There are 2 protein chains.
Amino acid sequence: MELWFDEMHNKYSKLSMKVKEHLCSVESPFQKIDVLDTYEYGRVLVLDGFIMLTEKDEFVYHEMIVHTPLAVNPDIKKVLVIGAGDGGTLRELTRYKTIESIDFVEIDKMVVEISKKYLPFLNKGFDDERITAYFKDGIEFVKGKENIYDLIIIDSTDPIGPGEGLFTTEFYNNCYKALNNKGILVNQCESAFYEKDRAEFERAIKKLKNIFPITEVYQANIPTYASGNWLFGFASKNYHPIKDHKPAEWEKLKLDTKYYNSKLHKGSFYLPNYILDILGK
Amino acid sequence: MELWFDEMHNKYSKLSMKVKEHLCSVESPFQKIDVLDTYEYGRVLVLDGFIMLTEKDEFVYHEMIVHTPLAVNPDIKKVLVIGAGDGGTLRELTRYKTIESIDFVEIDKMVVEISKKYLPFLNKGFDDERITAYFKDGIEFVKGKENIYDLIIIDSTDPIGPGEGLFTTEFYNNCYKALNNKGILVNQCESAFYEKDRAEFERAIKKLKNIFPITEVYQANIPTYASGNWLFGFASKNYHPIKDHKPAEWEKLKLDTKYYNSKLHKGSFYLPNYILDILGK
């Protein structure tokens, strides 16, 4: 018998991977959580049928969502992470000794438990003393917070299911208030190749642009995400991701990375025309 | 009945697309040629079971393989194109009025015939008077040529079947000789994510490096190619793709492009660490 997992990009296109073992399948109060062991991609976390990460290429996503803002403001001390229950973003964040505190807000505690059990390559950060974990809704958590964080990372699922509220104007407004005057917000922003994803990307960026004085988009190649071309939003009160990029300071830290580097930092903001068109540039 | 076409990345991973109609299936003396009409990707050219191009994303490949060298040396006059029977590379090349002649060498005339019939969006270049078509083996064609071309584009299939000889040291050596002292060679160079592709990429680049004083690699996101991250070799006798990049001159031409632009030109040479590692950088 051959077991294959298909991720549908839409009704007409899919990525499929051969499965060694279906390690875990549970329904949390928020979503269906599956862990697969696959031949090509190693262990794979699937939420509601969508690939969240694979052992083979998660390094791209987690390095790009963390090191990009930290190389623009190496003085980031207070961080809020929303989502990220798998632990990959915490693993990268906790490599920075200069970070003093990380508020980690994940709505679904079961994602953390399952990740700890089945995805050990993501788990280096969870026990760091600087982390305070809140198992609650990020939307509620951020309400009323003012002038606190240097960095907010929104490491969410797609804007369906529990991730939906993390793509709203109200939420982004509250994030703006929760950031201090040096504040940077980074979020995963879907992709621009398939029609549905493109519409979601466009909406999210428009909302950020209406709120933040600086809003830029950067890209990375994540082979197991639909189209392989994933986009991130970089929204900020003061720091520009290219003009204020500090490669020399970042390189002094000598962090070993498999994807991110200082030249690529710059290059990741140089987008193809069909994406610039969406952004009205 | 649902018809799906699967492209196997390897035994363990595949991209699948839903097919509206199987428009054409023939065996040429060199390879099996299929054209599909698909719901998501429009028309798709398949050679020996591998996607050569889709209507939806071919613009990325063809723009990147042509405009990149032309923005480094805008004075390119004599071009040799090997492969490229589908016509997409000729379509982009013939937009340059400064190009005087294009030797177009395709081993399989049936690819051209089928492309003309089924892939009209690629066919704007075929009838340009500056093109001389040779339906023969590119490996043989280039032998003995000396000091002729400003640019050689190797727009080949993968290094199996008819494309295999286009990845050999002997062939690259003959290309070197066929180029004049300003000469640039650009080739499609597979990708670096899946093991087999990575090995082919590594071999091809090593060979080019042994022959050309300047050898660089650039990348583009092509969603329907395995991993979505496609690599190109830029090998040259004199021109460096970044140091000699001439964005102002290229922009004066006012060529409308959907992917390529001058900033992205630069960014496409800024590679992730796992690819730099392969290149020994």
# chains A, B, ... in the order shown; residues from 1 in each chain; ligands from 1
$ calpha_fit_rmsd --fixed "chain B" --moving "chain A"
0.0 Å
$ interface_residues --of "chain A" --to "chain B" --cutoff "8 Å" --atoms "only C-alpha atoms" --output "compact mmCIF listing (two decimals) with N, CA, C and O atoms, in the first residue's frame"
# COMPACT_ATOMS: atom_id res chain seq x y z
N TYR A 12 -7.61 22.81 -8.57
CA TYR A 12 -6.97 22.39 -9.82
C TYR A 12 -5.50 22.03 -9.72
O TYR A 12 -4.89 21.67 -10.72
N SER A 13 -4.92 22.20 -8.53
CA SER A 13 -3.47 21.99 -8.42
C SER A 13 -3.15 21.50 -7.01
O SER A 13 -3.78 21.92 -6.04
N LYS A 14 -2.19 20.60 -6.92
CA LYS A 14 -1.82 20.10 -5.59
C LYS A 14 -0.37 19.63 -5.54
O LYS A 14 0.20 19.24 -6.56
N LEU A 15 0.18 19.67 -4.34
CA LEU A 15 1.49 19.08 -4.07
C LEU A 15 1.25 17.80 -3.27
O LEU A 15 0.46 17.80 -2.33
N SER A 16 1.93 16.72 -3.67
CA SER A 16 1.71 15.45 -2.99
C SER A 16 3.02 14.86 -2.51
O SER A 16 4.04 14.97 -3.19
N MET A 17 2.97 14.27 -1.34
CA MET A 17 4.17 13.67 -0.78
C MET A 17 3.87 12.27 -0.25
O MET A 17 2.81 12.02 0.32
N LYS A 18 4.81 11.37 -0.47
CA LYS A 18 4.62 9.98 -0.04
C LYS A 18 4.88 9.87 1.46
O LYS A 18 5.88 10.39 1.96
N TYR A 39 8.81 10.61 3.23
CA TYR A 39 10.10 10.18 2.68
C TYR A 39 10.96 11.37 2.26
O TYR A 39 12.15 11.41 2.54
N GLU A 40 10.35 12.33 1.60
CA GLU A 40 11.14 13.43 1.03
C GLU A 40 11.33 14.58 2.01
O GLU A 40 12.39 15.19 2.05
N ASN A 221 11.86 31.62 -0.89
CA ASN A 221 11.46 30.39 -1.57
C ASN A 221 11.26 29.27 -0.55
O ASN A 221 12.22 28.79 0.05
N ILE A 222 10.01 28.89 -0.37
CA ILE A 222 9.67 27.80 0.54
C ILE A 222 8.98 26.72 -0.31
O ILE A 222 7.79 26.82 -0.62
N PRO A 223 9.75 25.71 -0.73
CA PRO A 223 9.23 24.76 -1.73
C PRO A 223 7.90 24.09 -1.38
O PRO A 223 7.10 23.84 -2.27
N THR A 224 7.63 23.83 -0.10
CA THR A 224 6.39 23.12 0.22
C THR A 224 5.20 24.05 0.47
O THR A 224 4.11 23.58 0.79
N SER A 227 3.06 27.49 -4.48
CA SER A 227 3.84 28.24 -5.47
C SER A 227 5.33 28.32 -5.15
O SER A 227 6.12 28.71 -6.00
N GLY A 228 5.70 28.00 -3.93
CA GLY A 228 7.12 28.06 -3.56
C GLY A 228 7.62 29.47 -3.28
O GLY A 228 8.75 29.67 -2.87
N ASN A 229 6.78 30.47 -3.52
CA ASN A 229 7.19 31.86 -3.34
C ASN A 229 6.37 32.47 -2.21
O ASN A 229 5.21 32.82 -2.41
N THR A 257 23.29 30.28 9.74
CA THR A 257 21.97 30.17 9.11
C THR A 257 22.08 29.37 7.82
O THR A 257 23.14 29.34 7.18
N LYS A 258 20.98 28.72 7.47
CA LYS A 258 20.99 27.89 6.26
C LYS A 258 20.40 28.62 5.06
O LYS A 258 20.62 28.25 3.92
N TYR A 259 19.61 29.66 5.31
CA TYR A 259 18.98 30.40 4.22
C TYR A 259 19.38 31.88 4.26
O TYR A 259 19.93 32.41 3.32
N TYR A 260 19.11 32.53 5.38
CA TYR A 260 19.29 33.97 5.51
C TYR A 260 20.76 34.39 5.47
O TYR A 260 21.61 33.75 6.08
N ASN A 261 21.04 35.46 4.75
CA ASN A 261 22.32 36.16 4.88
C ASN A 261 22.08 37.63 4.51
O ASN A 261 20.98 38.00 4.08
N LYS A 263 23.20 39.74 2.18
CA LYS A 263 22.88 40.11 0.80
C LYS A 263 21.46 39.67 0.46
O LYS A 263 20.69 40.40 -0.16
N LEU A 264 21.13 38.45 0.85
CA LEU A 264 19.79 37.94 0.57
C LEU A 264 18.72 38.78 1.27
O LEU A 264 17.62 38.93 0.74
N LYS A 266 18.63 41.98 1.56
CA LYS A 266 18.33 43.01 0.58
C LYS A 266 17.54 42.44 -0.59
O LYS A 266 16.49 42.96 -0.97
N GLY A 267 18.08 41.38 -1.17
CA GLY A 267 17.46 40.80 -2.37
C GLY A 267 16.02 40.37 -2.14
O GLY A 267 15.21 40.40 -3.07
N SER A 268 15.71 39.99 -0.91
CA SER A 268 14.36 39.48 -0.64
C SER A 268 13.30 40.59 -0.76
O SER A 268 12.12 40.30 -0.91
N TYR A 270 13.49 42.84 -3.21
CA TYR A 270 13.45 43.18 -4.64
C TYR A 270 12.48 42.23 -5.33
O TYR A 270 12.84 41.12 -5.71
N LEU A 271 11.27 42.68 -5.50
CA LEU A 271 10.17 41.80 -5.91
C LEU A 271 9.95 41.82 -7.42
O LEU A 271 10.24 42.80 -8.08
N PRO A 272 9.39 40.73 -7.94
CA PRO A 272 9.05 40.72 -9.37
C PRO A 272 7.92 41.70 -9.68
O PRO A 272 7.11 42.06 -8.81
N ASN A 273 7.86 42.11 -10.94
CA ASN A 273 6.86 43.10 -11.36
C ASN A 273 5.43 42.70 -11.04
O ASN A 273 4.62 43.55 -10.68
N TYR A 274 5.10 41.42 -11.21
CA TYR A 274 3.69 41.06 -11.00
C TYR A 274 3.29 41.21 -9.54
O TYR A 274 2.11 41.42 -9.24
$ closest_residue --among "A:Leu36, A:Ile102, A:Leu185, A:Leu119" --to "His22 (chain A)" --atoms "only C-alpha atoms"
A:Leu36
$ atom_distance --atom1 "CA of Phe121 (chain A)" --atom2 "CA of Arg95 (chain A)"
14.5 Å
$ residues_around --residues "Phe104 (chain B)" --least-positions-apart "5" --cutoff "9 Å" --atoms "only C-alpha atoms" --output "JSON, numbers by chain"
{"B": [79, 80, 81, 82, 83, 84, 85, 90, 131, 132, 133, 134, 135]}
$ residues_around --residues "Arg91 (chain B)" --least-positions-apart "2" --cutoff "6 Å" --atoms "only C-alpha atoms" --output "NGL selection string"
:B and (88-89 or 93-94 or 124-125)
$ residues_around --residues "Glu202 (chain B)" --least-positions-apart "5" --cutoff "10 Å" --atoms "only C-alpha atoms" --output "PyMOL selection string"
chain B and resi 189-192+197+207+275+278-279
$ write_last_selection --atoms "all heavy atoms" --output "mmCIF file, in the first residue's frame"
data_model
loop_
_atom_site.group_PDB
_atom_site.id
_atom_site.type_symbol
_atom_site.label_atom_id
_atom_site.label_comp_id
_atom_site.auth_asym_id
_atom_site.auth_seq_id
_atom_site.Cartn_x
_atom_site.Cartn_y
_atom_site.Cartn_z
ATOM 1 N N CYS B 189 19.915 25.799 -15.152
ATOM 2 C CA CYS B 189 20.859 25.021 -14.359
ATOM 3 C C CYS B 189 20.192 24.181 -13.275
ATOM 4 O O CYS B 189 20.788 23.937 -12.237
ATOM 5 C CB CYS B 189 21.813 26.003 -13.710
ATOM 6 S SG CYS B 189 23.493 25.598 -14.017
ATOM 7 N N GLU B 190 18.957 23.768 -13.494
ATOM 8 C CA GLU B 190 18.257 22.934 -12.513
ATOM 9 C C GLU B 190 18.009 23.698 -11.210
ATOM 10 O O GLU B 190 17.932 24.903 -11.224
ATOM 11 C CB GLU B 190 19.063 21.643 -12.254
ATOM 12 C CG GLU B 190 19.361 20.864 -13.531
ATOM 13 C CD GLU B 190 18.102 20.326 -14.220
ATOM 14 O OE1 GLU B 190 17.345 19.606 -13.581
ATOM 15 O OE2 GLU B 190 17.885 20.657 -15.401
ATOM 16 N N SER B 191 17.897 22.962 -10.123
ATOM 17 C CA SER B 191 17.633 23.612 -8.847
ATOM 18 C C SER B 191 18.412 22.886 -7.762
ATOM 19 O O SER B 191 19.098 21.915 -8.038
ATOM 20 C CB SER B 191 16.132 23.596 -8.555
ATOM 21 O OG SER B 191 15.701 22.271 -8.375
ATOM 22 N N ALA B 192 18.324 23.365 -6.543
ATOM 23 C CA ALA B 192 19.237 22.836 -5.531
ATOM 24 C C ALA B 192 18.523 22.233 -4.327
ATOM 25 O O ALA B 192 19.140 21.951 -3.314
ATOM 26 C CB ALA B 192 20.182 23.944 -5.069
ATOM 27 N N ASP B 197 18.417 16.880 -8.408
ATOM 28 C CA ASP B 197 18.591 18.173 -9.081
ATOM 29 C C ASP B 197 19.842 18.883 -8.571
ATOM 30 O O ASP B 197 20.589 19.481 -9.338
ATOM 31 C CB ASP B 197 17.381 19.105 -8.818
ATOM 32 C CG ASP B 197 16.067 18.497 -9.291
ATOM 33 O OD1 ASP B 197 16.109 17.542 -10.088
ATOM 34 O OD2 ASP B 197 14.999 18.975 -8.861
ATOM 35 N N LYS B 207 31.732 22.651 -13.753
ATOM 36 C CA LYS B 207 32.318 22.599 -15.107
ATOM 37 C C LYS B 207 32.459 24.009 -15.671
ATOM 38 O O LYS B 207 33.489 24.363 -16.230
ATOM 39 C CB LYS B 207 31.423 21.754 -16.017
ATOM 40 C CG LYS B 207 31.465 20.267 -15.685
ATOM 41 C CD LYS B 207 30.431 19.515 -16.523
ATOM 42 C CE LYS B 207 30.266 18.085 -16.019
ATOM 43 N NZ LYS B 207 29.084 17.443 -16.655
ATOM 44 N N ILE B 275 22.566 27.275 -0.895
ATOM 45 C CA ILE B 275 23.058 27.237 -2.282
ATOM 46 C C ILE B 275 24.498 27.744 -2.341
ATOM 47 O O ILE B 275 25.338 27.177 -3.041
ATOM 48 C CB ILE B 275 22.123 28.032 -3.216
ATOM 49 C CG1 ILE B 275 20.725 27.371 -3.218
ATOM 50 C CG2 ILE B 275 22.692 28.077 -4.634
ATOM 51 C CD1 ILE B 275 19.688 28.045 -4.099
ATOM 52 N N ILE B 278 26.874 24.974 -1.616
ATOM 53 C CA ILE B 278 27.130 24.095 -2.756
ATOM 54 C C ILE B 278 28.185 24.718 -3.676
ATOM 55 O O ILE B 278 29.030 24.034 -4.238
ATOM 56 C CB ILE B 278 25.825 23.846 -3.555
ATOM 57 C CG1 ILE B 278 24.795 23.154 -2.663
ATOM 58 C CG2 ILE B 278 26.098 23.024 -4.813
ATOM 59 C CD1 ILE B 278 23.397 23.131 -3.263
ATOM 60 N N LEU B 279 28.113 26.045 -3.790
ATOM 61 C CA LEU B 279 29.047 26.756 -4.668
ATOM 62 C C LEU B 279 30.403 26.992 -4.014
ATOM 63 O O LEU B 279 31.306 27.561 -4.625
ATOM 64 C CB LEU B 279 28.433 28.111 -5.077
ATOM 65 C CG LEU B 279 27.127 28.035 -5.865
ATOM 66 C CD1 LEU B 279 26.534 29.422 -6.047
ATOM 67 C CD2 LEU B 279 27.357 27.380 -7.218
#
$ atom_distance --atom1 "CA of Ile211 (chain A)" --atom2 "CA of Gly165 (chain A)"
16.5 Å
$ select_by_dssp --residues "region 19-233 of chain A" --states "helix (DSSP H, G or I)" --output "ChimeraX atom specification"
/A:58-70,88-93,109-118,120-122,138-142,161-167,169-178,195-211
$ write_last_selection --atoms "C-alpha atoms" --output "compact mmCIF listing (two decimals), in the first residue's frame"
# COMPACT_ATOMS: atom_id res chain seq x y z
CA GLU A 58 11.04 24.99 7.74
CA PHE A 59 14.43 26.69 8.17
CA VAL A 60 13.59 29.10 5.34
CA TYR A 61 10.39 30.37 6.93
CA HIS A 62 11.70 30.61 10.47
CA GLU A 63 14.98 32.28 9.55
CA MET A 64 13.28 34.81 7.29
CA ILE A 65 10.57 35.80 9.76
CA VAL A 66 13.07 36.32 12.62
CA HIS A 67 16.46 37.44 11.28
CA THR A 68 15.05 40.04 8.88
CA PRO A 69 13.69 42.39 11.58
CA LEU A 70 16.61 41.66 13.94
CA GLY A 88 10.40 27.29 15.13
CA THR A 89 10.16 31.06 15.54
CA LEU A 90 11.05 30.79 19.24
CA ARG A 91 14.06 28.64 18.33
CA GLU A 92 15.42 31.42 16.09
CA LEU A 93 14.49 34.29 18.45
CA LYS A 109 -1.94 24.60 23.40
CA MET A 110 -2.22 21.25 21.66
CA VAL A 111 -0.04 22.49 18.80
CA VAL A 112 2.72 23.12 21.33
CA GLU A 113 2.26 19.72 22.97
CA ILE A 114 2.27 17.88 19.67
CA SER A 115 5.23 19.81 18.41
CA LYS A 116 7.21 19.03 21.56
CA LYS A 117 6.43 15.36 21.12
CA TYR A 118 6.81 14.89 17.36
CA PRO A 120 12.01 17.89 18.21
CA PHE A 121 14.00 19.90 15.64
CA LEU A 122 11.78 22.90 16.45
CA GLY A 138 -3.73 36.79 20.17
CA ILE A 139 -6.48 39.18 19.10
CA GLU A 140 -7.64 39.58 22.70
CA PHE A 141 -4.12 39.58 24.12
CA VAL A 142 -2.99 42.59 22.14
CA GLY A 161 -10.04 29.12 10.76
CA PRO A 162 -8.24 30.38 13.89
CA GLY A 163 -5.90 32.59 11.82
CA GLU A 164 -8.65 34.72 10.29
CA GLY A 165 -8.79 37.46 12.94
CA LEU A 166 -5.03 37.95 12.63
CA PHE A 167 -5.55 39.53 9.22
CA THR A 169 -7.59 46.06 10.45
CA GLU A 170 -8.69 46.07 14.08
CA PHE A 171 -5.99 43.60 15.04
CA TYR A 172 -3.29 45.46 13.09
CA ASN A 173 -4.39 48.71 14.77
CA ASN A 174 -3.99 47.14 18.17
CA CYS A 175 -0.57 45.82 17.20
CA TYR A 176 0.43 49.34 16.12
CA LYS A 177 -0.52 50.65 19.56
CA ALA A 178 1.24 47.80 21.34
CA GLU A 195 -5.72 33.74 -7.26
CA LYS A 196 -7.11 33.13 -3.78
CA ASP A 197 -3.75 33.57 -2.06
CA ARG A 198 -3.12 36.74 -4.06
CA ALA A 199 -6.39 38.28 -2.93
CA GLU A 200 -5.55 37.54 0.70
CA PHE A 201 -2.05 38.95 0.32
CA GLU A 202 -3.40 42.11 -1.30
CA ARG A 203 -5.96 42.67 1.43
CA ALA A 204 -3.49 42.13 4.25
CA ILE A 205 -0.90 44.51 2.82
CA LYS A 206 -3.45 47.23 2.10
CA LYS A 207 -4.57 47.13 5.71
CA LEU A 208 -1.00 47.36 7.01
CA LYS A 209 -0.26 50.27 4.65
CA ASN A 210 -3.21 52.20 6.01
CA ILE A 211 -1.80 51.95 9.51
$ residues_around --residues "Lys252 (chain A)" --least-positions-apart "3" --cutoff "12 Å" --atoms "only C-alpha atoms" --output "mmCIF file with N, CA, C and O atoms, in the first residue's frame"
data_model
loop_
_atom_site.group_PDB
_atom_site.id
_atom_site.type_symbol
_atom_site.label_atom_id
_atom_site.label_comp_id
_atom_site.auth_asym_id
_atom_site.auth_seq_id
_atom_site.Cartn_x
_atom_site.Cartn_y
_atom_site.Cartn_z
ATOM 1 N N ALA A 71 17.957 42.156 11.969
ATOM 2 C CA ALA A 71 19.102 42.775 11.280
ATOM 3 C C ALA A 71 18.801 44.238 10.927
ATOM 4 O O ALA A 71 19.677 44.955 10.480
ATOM 5 N N PRO A 74 18.993 45.710 15.661
ATOM 6 C CA PRO A 74 19.658 44.687 16.479
ATOM 7 C C PRO A 74 19.457 44.935 17.976
ATOM 8 O O PRO A 74 19.899 44.131 18.795
ATOM 9 N N TYR A 96 19.218 35.115 20.065
ATOM 10 C CA TYR A 96 19.677 36.495 20.297
ATOM 11 C C TYR A 96 19.764 36.762 21.791
ATOM 12 O O TYR A 96 18.742 36.827 22.480
ATOM 13 N N LYS A 246 21.302 46.725 8.980
ATOM 14 C CA LYS A 246 22.621 46.808 9.603
ATOM 15 C C LYS A 246 23.367 45.486 9.468
ATOM 16 O O LYS A 246 23.540 44.735 10.435
ATOM 17 N N PRO A 247 23.823 45.214 8.253
ATOM 18 C CA PRO A 247 24.474 43.914 8.007
ATOM 19 C C PRO A 247 25.717 43.690 8.871
ATOM 20 O O PRO A 247 25.923 42.577 9.378
ATOM 21 N N ALA A 248 26.518 44.742 9.067
ATOM 22 C CA ALA A 248 27.762 44.544 9.822
ATOM 23 C C ALA A 248 27.463 44.138 11.263
ATOM 24 O O ALA A 248 28.091 43.214 11.800
ATOM 25 N N GLU A 249 26.473 44.797 11.852
ATOM 26 C CA GLU A 249 26.124 44.433 13.248
ATOM 27 C C GLU A 249 25.600 43.012 13.331
ATOM 28 O O GLU A 249 25.914 42.263 14.245
ATOM 29 N N LEU A 255 25.755 34.205 13.695
ATOM 30 C CA LEU A 255 24.701 33.194 13.760
ATOM 31 C C LEU A 255 24.777 32.325 12.508
ATOM 32 O O LEU A 255 24.832 32.828 11.389
ATOM 33 N N ASP A 256 24.799 31.047 12.716
ATOM 34 C CA ASP A 256 24.852 30.113 11.598
ATOM 35 C C ASP A 256 23.440 29.968 11.023
ATOM 36 O O ASP A 256 22.501 29.619 11.743
ATOM 37 N N SER A 262 23.083 38.456 4.698
ATOM 38 C CA SER A 262 22.873 39.905 4.583
ATOM 39 C C SER A 262 22.559 40.354 3.155
ATOM 40 O O SER A 262 21.760 41.268 2.954
#
$ residues_around --residues "Ile76 (chain A)" --least-positions-apart "6" --cutoff "7 Å" --atoms "only C-alpha atoms" --output "number ranges by chain"
A: 70, 99, 150-151
$ write_last_selection --atoms "N, CA, C and O atoms" --output "compact mmCIF listing (two decimals), in the first residue's frame"
# COMPACT_ATOMS: atom_id res chain seq x y z
N LEU A 70 15.48 41.51 12.99
CA LEU A 70 16.61 41.66 13.94
C LEU A 70 17.84 42.26 13.29
O LEU A 70 18.70 42.82 13.98
N ILE A 99 17.84 39.92 23.32
CA ILE A 99 16.39 39.94 23.59
C ILE A 99 16.15 39.65 25.07
O ILE A 99 16.71 38.70 25.62
N ASP A 150 9.18 46.05 20.95
CA ASP A 150 10.05 46.45 19.84
C ASP A 150 9.69 45.68 18.57
O ASP A 150 9.96 46.14 17.47
N LEU A 151 9.14 44.51 18.75
CA LEU A 151 8.87 43.64 17.61
C LEU A 151 7.65 42.78 17.90
O LEU A 151 7.55 42.18 18.97
$ select_by_dssp --residues "region 63-261 of chain A" --states "strand (DSSP E)" --output "NGL selection string"
:A and (78-83 or 101-105 or 131-134 or 149-155 or 179-188 or 214-221 or 229-236)
$ atom_distance --atom1 "CA of Ser236 (chain A)" --atom2 "CA of Gly144 (chain A)"
19.1 Å
$ decode --residues "region 257-273 of chain A" --atoms "N, CA and C atoms" --output "PDB file, in the first residue's frame"
ATOM      1  N   THR A 257      23.291  30.279   9.740  1.00  0.00           N
ATOM      2  CA  THR A 257      21.971  30.170   9.112  1.00  0.00           C
ATOM      3  C   THR A 257      22.080  29.365   7.820  1.00  0.00           C
ATOM      4  N   LYS A 258      20.977  28.723   7.469  1.00  0.00           N
ATOM      5  CA  LYS A 258      20.993  27.894   6.258  1.00  0.00           C
ATOM      6  C   LYS A 258      20.396  28.623   5.057  1.00  0.00           C
ATOM      7  N   TYR A 259      19.608  29.660   5.314  1.00  0.00           N
ATOM      8  CA  TYR A 259      18.982  30.402   4.220  1.00  0.00           C
ATOM      9  C   TYR A 259      19.380  31.884   4.259  1.00  0.00           C
ATOM     10  N   TYR A 260      19.107  32.526   5.380  1.00  0.00           N
ATOM     11  CA  TYR A 260      19.294  33.975   5.512  1.00  0.00           C
ATOM     12  C   TYR A 260      20.758  34.387   5.470  1.00  0.00           C
ATOM     13  N   ASN A 261      21.044  35.460   4.750  1.00  0.00           N
ATOM     14  CA  ASN A 261      22.318  36.160   4.875  1.00  0.00           C
ATOM     15  C   ASN A 261      22.077  37.629   4.510  1.00  0.00           C
ATOM     16  N   SER A 262      23.083  38.456   4.698  1.00  0.00           N
ATOM     17  CA  SER A 262      22.873  39.905   4.583  1.00  0.00           C
ATOM     18  C   SER A 262      22.559  40.354   3.155  1.00  0.00           C
ATOM     19  N   LYS A 263      23.202  39.739   2.180  1.00  0.00           N
ATOM     20  CA  LYS A 263      22.876  40.105   0.795  1.00  0.00           C
ATOM     21  C   LYS A 263      21.462  39.670   0.456  1.00  0.00           C
ATOM     22  N   LEU A 264      21.131  38.455   0.848  1.00  0.00           N
ATOM     23  CA  LEU A 264      19.795  37.938   0.570  1.00  0.00           C
ATOM     24  C   LEU A 264      18.719  38.778   1.269  1.00  0.00           C
ATOM     25  N   HIS A 265      19.035  39.313   2.440  1.00  0.00           N
ATOM     26  CA  HIS A 265      18.122  40.228   3.135  1.00  0.00           C
ATOM     27  C   HIS A 265      17.647  41.310   2.160  1.00  0.00           C
ATOM     28  N   LYS A 266      18.633  41.978   1.560  1.00  0.00           N
ATOM     29  CA  LYS A 266      18.325  43.014   0.580  1.00  0.00           C
ATOM     30  C   LYS A 266      17.538  42.442  -0.593  1.00  0.00           C
ATOM     31  N   GLY A 267      18.077  41.383  -1.174  1.00  0.00           N
ATOM     32  CA  GLY A 267      17.464  40.802  -2.369  1.00  0.00           C
ATOM     33  C   GLY A 267      16.025  40.372  -2.142  1.00  0.00           C
ATOM     34  N   SER A 268      15.711  39.989  -0.911  1.00  0.00           N
ATOM     35  CA  SER A 268      14.359  39.482  -0.644  1.00  0.00           C
ATOM     36  C   SER A 268      13.303  40.590  -0.759  1.00  0.00           C
ATOM     37  N   PHE A 269      13.748  41.851  -0.697  1.00  0.00           N
ATOM     38  CA  PHE A 269      12.809  42.969  -0.877  1.00  0.00           C
ATOM     39  C   PHE A 269      12.694  43.409  -2.347  1.00  0.00           C
ATOM     40  N   TYR A 270      13.486  42.838  -3.211  1.00  0.00           N
ATOM     41  CA  TYR A 270      13.451  43.183  -4.636  1.00  0.00           C
ATOM     42  C   TYR A 270      12.482  42.234  -5.331  1.00  0.00           C
ATOM     43  N   LEU A 271      11.267  42.677  -5.504  1.00  0.00           N
ATOM     44  CA  LEU A 271      10.174  41.797  -5.914  1.00  0.00           C
ATOM     45  C   LEU A 271       9.949  41.822  -7.420  1.00  0.00           C
ATOM     46  N   PRO A 272       9.395  40.733  -7.945  1.00  0.00           N
ATOM     47  CA  PRO A 272       9.046  40.719  -9.368  1.00  0.00           C
ATOM     48  C   PRO A 272       7.921  41.702  -9.678  1.00  0.00           C
ATOM     49  N   ASN A 273       7.863  42.110 -10.941  1.00  0.00           N
ATOM     50  CA  ASN A 273       6.865  43.105 -11.360  1.00  0.00           C
ATOM     51  C   ASN A 273       5.426  42.701 -11.045  1.00  0.00           C
TER      52      ASN A 273
END
